[in-house]
>>> print(open('start-v1.cif').read())   # mmCIF, C-alpha atoms
data_run
#
loop_
_atom_site.label_atom_id
_atom_site.label_comp_id
_atom_site.auth_asym_id
_atom_site.auth_seq_id
_atom_site.Cartn_x
_atom_site.Cartn_y
_atom_site.Cartn_z
CA MET M 6 3.84 -32.16 3.27
CA ARG M 7 5.91 -35.10 4.47
CA VAL M 8 7.61 -37.28 1.86
CA VAL M 9 8.66 -40.92 2.45
CA VAL M 10 10.60 -42.80 -0.24
CA VAL M 11 11.58 -46.48 -0.25
CA GLY M 12 14.46 -47.59 -2.46
CA ASP M 13 17.99 -48.90 -2.64
CA GLY M 14 20.99 -47.17 -1.14
CA GLU M 15 22.35 -45.81 -4.39
CA GLY M 16 19.77 -43.05 -4.99
CA VAL M 17 19.53 -41.40 -1.58
CA GLU M 18 21.02 -38.04 -2.50
CA ASP M 19 19.43 -38.04 -5.95
CA VAL M 20 15.98 -38.39 -4.40
CA LEU M 21 16.15 -36.32 -1.21
CA LEU M 22 17.99 -33.46 -2.93
CA HIS M 23 15.90 -33.53 -6.10
CA HIS M 24 14.72 -30.16 -7.40
CA SER M 25 11.06 -31.19 -7.12
CA LEU M 26 11.45 -31.38 -3.33
CA ARG M 27 13.04 -27.93 -3.01
CA ASN M 28 10.05 -26.59 -1.05
CA SER M 29 9.61 -29.71 1.12
CA VAL M 30 10.89 -29.55 4.67
CA ASP M 31 10.35 -33.16 5.79
CA GLY M 32 11.62 -36.08 3.71
CA LEU M 33 12.72 -39.63 4.59
CA TYR M 34 14.45 -42.29 2.52
CA LEU M 35 14.15 -45.92 3.70
CA THR M 36 16.42 -48.59 2.28
CA LEU M 37 16.89 -52.28 3.08
CA GLN M 38 20.61 -53.02 3.16
CA ARG M 39 23.22 -55.37 4.48
CA ARG M 40 25.60 -54.00 7.05
CA ARG M 41 28.55 -53.82 4.69
CA GLN M 42 26.41 -51.96 2.15
CA HIS M 43 25.31 -49.64 4.91
CA SER M 44 28.92 -48.85 5.73
CA ARG M 45 29.71 -48.03 2.11
CA ALA M 46 26.65 -45.79 1.93
CA ASN M 47 27.80 -43.90 5.01
CA ALA M 48 31.27 -43.47 3.55
CA SER M 49 29.93 -42.17 0.23
CA LEU M 50 27.44 -39.76 1.82
CA SER M 51 29.83 -38.58 4.57
CA ARG M 52 26.98 -37.17 6.63
CA GLN M 53 26.90 -36.41 10.33
CA ARG M 54 24.91 -38.83 12.51
CA LEU M 55 22.39 -37.50 15.00
CA THR M 56 22.89 -38.49 18.63
CA PRO M 57 21.55 -40.52 20.22
CA ARG M 58 21.15 -43.14 17.47
CA LEU M 59 17.95 -44.95 16.80
CA PRO M 60 17.59 -48.27 18.65
CA HIS M 61 19.46 -51.11 16.91
CA THR M 62 17.76 -54.24 15.74
CA SER M 63 18.64 -57.65 17.08
CA ASN M 64 22.09 -59.26 16.71
CA ARG M 65 20.77 -61.34 13.88
CA GLU M 66 19.75 -58.16 12.04
CA ASP M 67 23.04 -56.43 12.82
CA GLY M 68 24.86 -59.17 11.01
CA GLY M 69 22.37 -59.39 8.18
CA GLU M 70 19.77 -57.09 6.68
CA HIS M 71 18.34 -53.91 8.26
CA VAL M 72 16.30 -50.77 7.36
CA SER M 73 18.56 -47.76 7.05
CA VAL M 74 16.99 -44.30 7.36
CA TYR M 75 18.14 -41.06 5.74
CA ARG M 76 16.33 -37.76 5.99
CA ARG M 77 16.32 -34.52 4.11
CA CYS M 78 18.15 -31.75 5.97
CA LEU M 79 17.93 -28.24 4.60
CA TYR M 80 21.04 -26.67 6.13
CA CYS M 81 23.20 -29.51 7.46
CA GLY M 82 25.79 -29.40 4.70
CA ALA M 83 27.48 -26.12 5.74
CA GLY M 84 24.29 -24.19 5.08
CA ARG M 85 23.24 -26.36 2.11
CA GLU M 86 20.84 -29.22 1.55
CA ALA M 87 22.11 -32.62 2.58
CA ALA M 88 20.97 -36.23 2.93
CA GLN M 89 21.58 -37.02 6.59
CA HIS M 90 21.92 -40.60 7.81
CA VAL M 91 19.78 -41.14 10.92
CA GLY M 92 20.49 -44.79 11.70
CA ARG M 93 18.65 -48.11 11.53
CA TRP M 94 14.96 -48.32 12.15
CA ARG M 95 12.56 -51.02 13.31
CA PRO M 96 8.81 -50.25 13.64
CA SER M 97 8.59 -52.06 16.95
CA ASP M 98 11.18 -49.75 18.50
CA VAL M 99 10.02 -46.29 17.45
CA ALA M 100 7.26 -44.78 15.28
CA LEU M 101 8.12 -43.48 11.83
CA ASP M 102 6.82 -39.99 12.67
CA THR M 103 9.55 -39.53 15.27
CA LEU M 104 12.22 -39.77 12.59
CA PHE M 105 11.21 -36.43 11.11
CA PHE M 106 12.62 -33.19 12.45
CA GLY M 107 10.64 -31.54 15.23
CA LYS M 108 8.60 -28.41 14.71
CA ASP M 109 10.86 -25.59 13.45
CA GLU M 110 13.91 -27.61 14.46
CA GLN M 111 15.54 -27.11 11.07
CA PHE M 112 15.11 -23.33 11.25
CA LYS M 113 16.71 -22.61 14.62
CA SER M 114 20.05 -22.22 12.85
CA LEU M 115 20.61 -21.96 9.10
CA GLU M 116 24.30 -22.83 9.50
CA GLY M 117 25.58 -19.83 7.54
CA HIS M 118 23.31 -20.37 4.52
CA SER M 119 23.69 -17.61 1.93
CA PHE M 120 20.43 -16.11 0.63
CA LYS M 121 19.96 -14.21 -2.61
CA ILE M 122 18.03 -11.01 -1.88
CA LEU M 123 16.59 -8.57 -4.37
CA SER M 124 15.54 -5.06 -3.45
CA THR M 125 14.75 -1.55 -4.56
CA ALA M 126 14.95 1.70 -2.63
CA TYR M 127 11.87 2.81 -0.74
CA ILE M 128 12.67 5.38 1.96
CA PRO M 129 12.32 5.18 4.97
CA TYR M 130 11.77 1.41 4.82
CA PHE M 131 14.85 0.61 2.78
CA ASP M 132 17.81 2.44 1.30
CA PHE M 133 21.21 1.34 0.07
CA LEU M 134 24.52 2.24 -1.57
CA ARG M 135 25.49 0.67 -4.91
CA ASP M 136 28.84 -1.10 -5.21
CA ARG M 137 28.97 -0.15 -8.88
CA ASP M 138 26.97 2.02 -11.27
CA GLU M 139 25.85 -0.80 -13.53
CA PRO M 140 22.23 -2.04 -13.31
CA GLY M 141 21.60 -5.02 -11.04
CA THR M 142 24.80 -4.53 -9.09
CA THR M 143 25.33 -5.69 -5.53
CA ILE M 144 24.24 -3.19 -2.91
CA LYS M 145 24.97 -2.40 0.71
CA PRO M 146 21.98 -1.55 2.94
CA ILE M 147 22.22 1.64 4.96
CA PHE M 148 20.27 3.16 7.85
CA SER M 149 16.66 2.01 7.35
CA VAL M 150 13.91 -0.12 8.86
CA GLU M 151 14.67 -3.18 6.71
CA LEU M 152 18.36 -3.06 7.70
CA PHE M 153 17.47 -3.33 11.39
CA ILE M 154 15.27 -6.33 10.65
CA LEU M 155 17.95 -8.05 8.55
CA GLU M 156 20.63 -7.54 11.19
CA GLU M 157 18.43 -9.06 13.87
CA LEU M 158 17.46 -12.04 11.69
CA THR M 159 21.06 -12.82 10.73
CA LYS M 160 22.03 -12.90 14.41
CA ARG M 161 19.17 -15.11 15.49
CA LEU M 162 19.05 -17.50 12.51
CA ASN M 163 22.74 -17.59 11.57
CA PHE M 164 22.64 -16.86 7.84
CA THR M 165 24.35 -14.58 5.37
CA TYR M 166 23.07 -12.88 2.23
CA VAL M 167 24.06 -11.33 -1.06
CA MET M 168 21.83 -8.40 -1.96
CA ARG M 169 21.33 -6.96 -5.42
CA GLU M 170 19.33 -4.10 -6.82
CA GLN M 171 16.37 -4.77 -9.09
CA PRO M 172 17.70 -3.36 -12.40
CA ASP M 173 14.53 -1.57 -13.52
CA GLY M 174 13.25 -0.77 -10.01
CA VAL M 175 9.95 -2.60 -10.71
CA TRP M 176 8.21 -4.47 -7.91
CA GLY M 177 6.18 -6.48 -10.37
CA ARG M 178 2.77 -6.63 -12.04
CA LEU M 179 0.91 -9.55 -13.56
CA VAL M 180 1.36 -9.36 -17.34
CA ASN M 181 0.19 -12.20 -19.61
CA SER M 182 -0.22 -14.68 -16.71
CA SER M 183 3.29 -14.06 -15.35
CA PHE M 184 4.93 -11.41 -13.22
CA ASN M 185 7.63 -8.98 -14.20
CA GLY M 186 10.07 -7.18 -11.91
CA MET M 187 11.02 -8.57 -8.51
CA MET M 188 7.89 -10.72 -8.31
CA GLY M 189 8.89 -12.33 -11.59
CA ARG M 190 12.36 -13.13 -10.26
CA LEU M 191 10.77 -14.74 -7.20
CA GLU M 192 8.31 -16.66 -9.37
CA LYS M 193 11.18 -18.04 -11.46
CA GLU M 194 13.13 -18.88 -8.25
CA GLU M 195 16.09 -16.81 -9.35
CA VAL M 196 16.26 -15.22 -5.87
CA ASP M 197 15.20 -16.32 -2.40
CA TYR M 198 13.29 -13.26 -1.28
CA CYS M 199 12.96 -9.50 -1.71
CA THR M 200 12.84 -6.82 0.94
CA LEU M 201 9.37 -5.30 0.83
CA CYS M 202 6.32 -5.36 -1.44
CA GLY M 203 2.57 -4.86 -1.30
CA ILE M 204 0.23 -7.76 -0.61
CA THR M 205 -2.15 -8.61 -3.45
CA PRO M 206 -4.29 -11.70 -4.20
CA ASN M 207 -2.23 -12.49 -7.32
CA ARG M 208 1.08 -12.23 -5.47
CA ASN M 209 -0.21 -14.48 -2.70
CA LYS M 210 -0.50 -17.28 -5.26
CA ILE M 211 3.23 -17.42 -5.92
CA ILE M 212 4.98 -16.07 -2.80
CA ASP M 213 4.66 -16.09 0.99
CA HIS M 214 4.58 -12.73 2.75
CA LEU M 215 6.30 -12.13 6.07
CA PRO M 216 4.61 -9.11 7.74
CA LEU M 217 7.40 -7.42 9.71
CA HIS M 218 6.04 -3.86 9.83
CA PRO M 219 2.72 -2.10 9.09
CA SER M 220 1.73 -1.51 5.49
CA ASP M 221 2.26 1.93 4.01
CA PRO M 222 -1.16 3.48 3.22
CA ILE M 223 -1.84 5.58 0.14
CA THR M 224 -2.31 9.17 1.30
CA VAL M 225 -2.81 12.57 -0.30
CA VAL M 226 0.18 14.84 0.32
CA SER M 227 0.06 18.57 -0.46
CA LEU M 228 1.64 21.82 0.66
CA LYS M 229 0.57 23.35 3.94
CA PRO M 230 -2.61 25.46 3.62
CA SER M 231 -1.70 29.01 2.62
CA PHE M 232 -3.49 32.21 3.61
CA LEU M 233 -6.25 33.49 1.37
CA SER M 234 -5.62 36.54 -0.79
CA GLN M 235 -6.57 39.94 0.69
CA HIS M 236 -7.84 41.28 -2.63
CA PHE M 237 -11.28 39.72 -2.26
CA LEU M 238 -11.68 40.28 1.46
CA LEU M 239 -14.82 42.44 1.06
CA VAL M 240 -16.71 39.88 -1.00
CA ARG M 241 -15.44 36.75 0.80
CA PRO M 242 -17.94 36.87 3.73
CA LEU M 243 -20.69 35.64 1.39
CA THR M 244 -20.44 32.84 -1.11
CA GLY M 245 -20.90 33.33 -4.82
CA ARG M 246 -24.38 31.82 -4.69
CA VAL M 247 -25.46 34.26 -1.96
CA TRP M 248 -24.13 37.24 -3.92
CA ALA M 249 -25.95 36.02 -7.03
CA GLY M 250 -29.13 35.59 -4.99
CA VAL M 251 -28.88 39.13 -3.58
CA LEU M 252 -28.36 40.58 -7.08
CA ALA M 253 -31.30 38.60 -8.43
CA GLY M 254 -33.39 39.77 -5.47
CA VAL M 255 -32.62 43.43 -6.19
CA VAL M 256 -33.55 43.02 -9.85
CA LEU M 257 -36.72 41.08 -9.02
CA TRP M 258 -37.83 43.49 -6.28
CA GLY M 259 -37.14 46.55 -8.45
CA SER M 260 -39.09 45.01 -11.35
CA VAL M 261 -42.10 44.27 -9.14
CA MET M 262 -41.92 47.79 -7.72
CA VAL M 263 -41.95 49.25 -11.25
CA CYS M 264 -44.98 47.12 -12.18
CA PHE M 265 -46.90 48.28 -9.11
CA ASP M 266 -45.92 51.86 -9.88
CA LYS M 267 -47.33 51.64 -13.43
CA LEU M 268 -50.56 50.02 -12.25
CA LEU M 269 -51.16 52.62 -9.54
CA ARG M 270 -50.36 55.47 -11.92
CA ARG M 271 -53.64 54.80 -13.74
CA ILE M 272 -55.79 55.26 -10.64
CA SER M 273 -53.76 57.87 -8.78
CA THR M 274 -52.03 61.13 -9.68
CA ARG M 275 -49.65 61.08 -6.71
CA THR M 276 -45.89 61.04 -7.08
CA HIS M 277 -44.46 57.86 -8.46
CA LEU M 278 -40.88 56.44 -8.27
CA GLY M 279 -40.03 55.49 -11.82
CA VAL M 280 -37.68 52.76 -13.00
CA ASN M 281 -34.36 54.21 -11.84
CA LEU M 282 -35.48 55.18 -8.38
CA SER M 283 -37.10 51.77 -7.83
CA PHE M 284 -33.80 49.92 -8.33
CA LEU M 285 -31.78 52.53 -6.42
CA LEU M 286 -34.14 52.20 -3.48
CA GLY M 287 -33.41 48.46 -3.38
CA TRP M 288 -29.63 48.97 -3.39
CA GLY M 289 -29.89 51.76 -0.84
CA SER M 290 -31.62 49.47 1.64
CA LEU M 291 -28.78 46.95 1.35
CA LEU M 292 -26.27 49.78 1.93
CA GLU M 293 -28.26 50.96 5.00
CA GLN M 294 -29.17 54.24 3.36
CA SER M 295 -32.42 55.86 4.52
CA SER M 296 -34.93 56.89 1.86
CA PRO M 297 -37.31 59.91 1.97
CA TYR M 298 -39.82 57.98 -0.11
CA LEU M 299 -42.88 56.87 1.85
CA PRO M 300 -45.34 54.89 -0.25
CA VAL M 301 -49.01 55.63 0.23
CA SER M 302 -50.60 52.49 -1.19
CA VAL M 303 -50.82 49.42 1.03
CA SER M 304 -49.34 47.14 -1.63
CA LYS M 305 -46.18 49.24 -1.93
CA ARG M 306 -45.86 49.44 1.86
CA VAL M 307 -46.02 45.65 2.15
CA LEU M 308 -43.50 45.23 -0.65
CA LEU M 309 -41.13 47.76 0.88
CA SER M 310 -41.42 46.22 4.34
CA ALA M 311 -40.56 42.77 3.00
CA TRP M 312 -37.51 44.16 1.24
CA LEU M 313 -36.31 46.04 4.32
CA THR M 314 -36.60 42.84 6.36
CA PHE M 315 -34.63 40.92 3.74
CA SER M 316 -31.97 43.66 3.64
CA LEU M 317 -31.65 43.61 7.44
CA ILE M 318 -30.95 39.83 7.44
CA VAL M 319 -28.42 40.03 4.60
CA VAL M 320 -26.57 43.02 6.04
CA SER M 321 -26.37 41.46 9.52
CA ALA M 322 -24.97 38.21 8.13
CA TYR M 323 -22.46 40.09 5.99
CA LYS M 324 -21.20 42.26 8.87
CA SER M 325 -20.70 39.34 11.25
CA SER M 326 -18.88 37.28 8.63
CA LEU M 327 -16.72 40.25 7.62
CA ILE M 328 -15.65 40.84 11.23
CA ALA M 329 -14.72 37.15 11.55
CA ASN M 330 -12.63 37.28 8.37
CA LEU M 331 -10.85 40.44 9.55
CA SER M 332 -10.11 38.89 12.96
CA ILE M 333 -8.87 35.49 11.76
CA GLN M 334 -7.28 35.29 8.36
CA GLY M 335 -8.70 32.43 6.27
CA LYS M 336 -6.64 29.63 4.73
CA VAL M 337 -6.91 27.52 1.61
CA ILE M 338 -8.62 24.19 2.41
CA ALA M 339 -6.36 21.33 1.29
CA PRO M 340 -8.05 18.06 0.23
CA GLU M 341 -7.38 15.09 2.50
CA THR M 342 -9.25 12.33 0.63
CA LEU M 343 -9.54 11.27 -3.00
CA GLY M 344 -13.13 12.51 -3.06
CA GLU M 345 -12.12 15.97 -1.88
CA LEU M 346 -9.23 15.97 -4.34
CA VAL M 347 -11.55 15.32 -7.29
CA LYS M 348 -13.99 18.04 -6.19
CA ALA M 349 -11.27 20.64 -5.58
CA LYS M 350 -10.98 23.31 -8.25
CA ASN M 351 -7.73 23.95 -10.14
CA TRP M 352 -5.93 21.07 -8.40
CA GLU M 353 -3.56 18.68 -10.14
CA TRP M 354 -2.09 15.48 -8.74
CA GLY M 355 0.64 12.99 -9.59
CA THR M 356 3.09 10.44 -8.23
CA GLU M 357 6.63 9.29 -8.80
CA GLU M 358 7.28 6.83 -11.59
CA PHE M 359 8.64 4.00 -9.41
CA VAL M 360 5.44 3.95 -7.33
CA PHE M 361 3.35 3.10 -10.39
CA LYS M 362 5.49 0.06 -11.19
CA GLY M 363 3.82 -2.11 -8.58
CA TYR M 364 0.69 -2.50 -6.50
CA PRO M 365 -0.55 1.17 -6.63
CA PHE M 366 -0.93 0.88 -10.41
CA GLU M 367 -3.07 -2.27 -10.06
CA TYR M 368 -5.20 -0.58 -7.43
CA PHE M 369 -6.04 2.44 -9.57
CA TYR M 370 -6.17 0.54 -12.86
CA LYS M 371 -8.57 -2.18 -11.70
CA HIS M 372 -10.72 -0.14 -9.33
CA ARG M 373 -14.24 0.60 -10.52
CA ASP M 374 -15.16 3.36 -8.09
CA PRO M 375 -15.88 6.59 -10.05
CA VAL M 376 -13.71 8.71 -7.75
CA VAL M 377 -10.71 6.36 -8.03
CA MET M 378 -11.15 6.12 -11.81
CA THR M 379 -11.18 9.93 -12.06
CA VAL M 380 -8.00 10.15 -10.00
CA PHE M 381 -6.33 7.53 -12.22
CA LYS M 382 -7.26 9.38 -15.42
CA GLY M 383 -5.85 12.65 -14.09
CA MET M 384 -2.70 11.10 -12.57
CA LYS M 385 0.56 12.64 -13.78
CA VAL M 386 3.35 10.08 -13.42
CA GLY M 387 6.93 11.24 -12.97
CA VAL M 388 6.04 14.94 -13.22
CA PRO M 389 7.20 17.04 -10.22
#
>>> encode(input="start-v1.cif", output="structure tokens")
Amino acid sequence: MRVVVVGDGEGVEDVLLHHSLRNSVDGLYLTLQRRRQHSRANASLSRQRLTPRLPHTSNREDGGEHVSVYRRCLYCGAGREAAQHVGRWRPSDVALDTLFFGKDEQFKSLEGHSFKILSTAYIPYFDFLRDRDEPGTTIKPIFSVELFILEELTKRLNFTYVMREQPDGVWGRLVNSSFNGMMGRLEKEEVDYCTLCGITPNRNKIIDHLPLHPSDPITVVSLKPSFLSQHFLLVRPLTGRVWAGVLAGVVLWGSVMVCFDKLLRRISTRTHLGVNLSFLLGWGSLLEQSSPYLPVSVSKRVLLSAWLTFSLIVVSAYKSSLIANLSIQGKVIAPETLGELVKAKNWEWGTEEFVFKGYPFEYFYKHRDPVVMTVFKGMKVGVP
């Protein structure tokens, strides 16, 4: 937003350097003065003129009254704000818009301006050494991504900085309509900027983000998959449900065989199996053991044939899977997503305490997805 103020020559600095214009880049102050007043104003302000000067008015105006122009300059006063005298202006000579600085002209060089920077360690993006052990002390950046960026910016834009550590290591969350941590310091204008932080809708309302490197995604980190135990190698080829189904099939088939045996005993005096032999015959088929028993009735033959077919399928599947497990040793499957993490059995998860002092906490706390809510409830903070 461009600001134009008209007034007398006494309040130039008070207006252009007022705190309410701290975030304004373009500002002009127009004042109608006599030449001798103009000279006194220049002497009191002691500001550097831009060259070339604006076109002068006529000789009559040089000896009498004229419009003197001052503009707001962010870094002209040895890296500080200053009210810079431009010259005298007449609408017929040049348009008012041309008196403002050009696009980004003020930011080509910051003239050694000293910025107040606040930061907290977040490896590999930023790390530092403390000058003292006390909280909030000045720090010295060391080998990290943010240090490379700062060094390049200081060379190109000609500025310096004083960097301090955020005392409590908190990035900042919205609490009771205001931010705490580093975001709170930025909101209160106690510092100029901080090194890195997550982008959220609430933070966008109070600060401007400068995306210098990709955002760090939230990922699930676990140990490398370990080999499965050898103690259960013989039962591992089939899942627990398949083993339960085979056991239930043996019991069901043996029970049906016993029922047929009792029914046929009433109409035939031939040899019958009995309860024990009926169940042992079912297990024997699964173990590929031949049986001397040959049923005479058609119903028993059909029942036995169905069971032998079932046993052949189960045994073939078991053998092939067992050979595969003996050839290639299996590994524990590590979860890679939050959904897999929640479904995994006997898994616990957590994060470091400093991570939950900023955006990640808001993400998990405000999210309404059942999986994310389950992860948040089971999150162990600060527990290794």
>>> resolve_selection(input="start-v1.cif", expression="the PyMOL selection byres ((chain M and resi 169) around 7)", output="list in words")
Ile122, Leu123, Ser124, Gly141, Thr142, Thr143, Ile144, Val167, Met168, Glu170 and Gln171 of chain M
>>> closest_residue(input="start-v1.cif", among="M:Asp31, M:Glu157, M:Glu293, M:Glu358", to="Lys108 in chain M", atoms="only C-alpha atoms")
M:Asp31
>>> residues_near_point(input="start-v1.cif", point="(17.6, -47.7, -0.5)", cutoff="7 Å", atoms="only C-alpha atoms", output="ChimeraX atom specification")
/M:11-17,34-37
>>> atom_distance(input="start-v1.cif", atom1="CA of Asp197 in chain M", atom2="CA of Phe164 in chain M")
12.7 Å
>>> resolve_selection(input="start-v1.cif", expression="the PyMOL selection byres ((chain M and resi 260) around 12)", output="PyMOL selection string")
chain M and resi 253-259+261-267+278-287+308
>>> atom_distance(input="start-v1.cif", atom1="CA of Arg270 in chain M", atom2="CA of Val301 in chain M")
12.2 Å
>>> residues_around(input="start-v1.cif", residues="Ser29 in chain M", least_positions_apart="4", cutoff="8 Å", atoms="all atoms listed in the file", output="PDB file with C-alpha atoms, in the frame of the given file")
ATOM      1  CA  MET M   6       3.840 -32.160   3.270  1.00  0.00           C
ATOM      2  CA  ARG M   7       5.910 -35.100   4.470  1.00  0.00           C
ATOM      3  CA  VAL M   8       7.610 -37.280   1.860  1.00  0.00           C
TER       4      VAL M   8
END
>>> closest_residue(input="start-v1.cif", among="M:Arg373, M:Lys336, M:Lys382, M:His90", to="Ser234 in chain M", atoms="all atoms listed in the file")
M:Lys336
>>> residues_around(input="start-v1.cif", residues="range 204-217 of chain M", least_positions_apart="4", cutoff="10 Å", atoms="all atoms listed in the file", output="ChimeraX atom specification")
/M:150-151,154,177-179,182-184,188-189,191-193,198,200,364,367-368
>>> closest_residue(input="start-v1.cif", among="M:Val226, M:Ser310, M:Pro365, M:Phe381", to="Ala339 in chain M", atoms="all atoms listed in the file")
M:Val226
>>> closest_residue(input="start-v1.cif", among="M:Tyr130, M:Phe315, M:Gly117, M:Lys160", to="Pro146 in chain M", atoms="only C-alpha atoms")
M:Tyr130
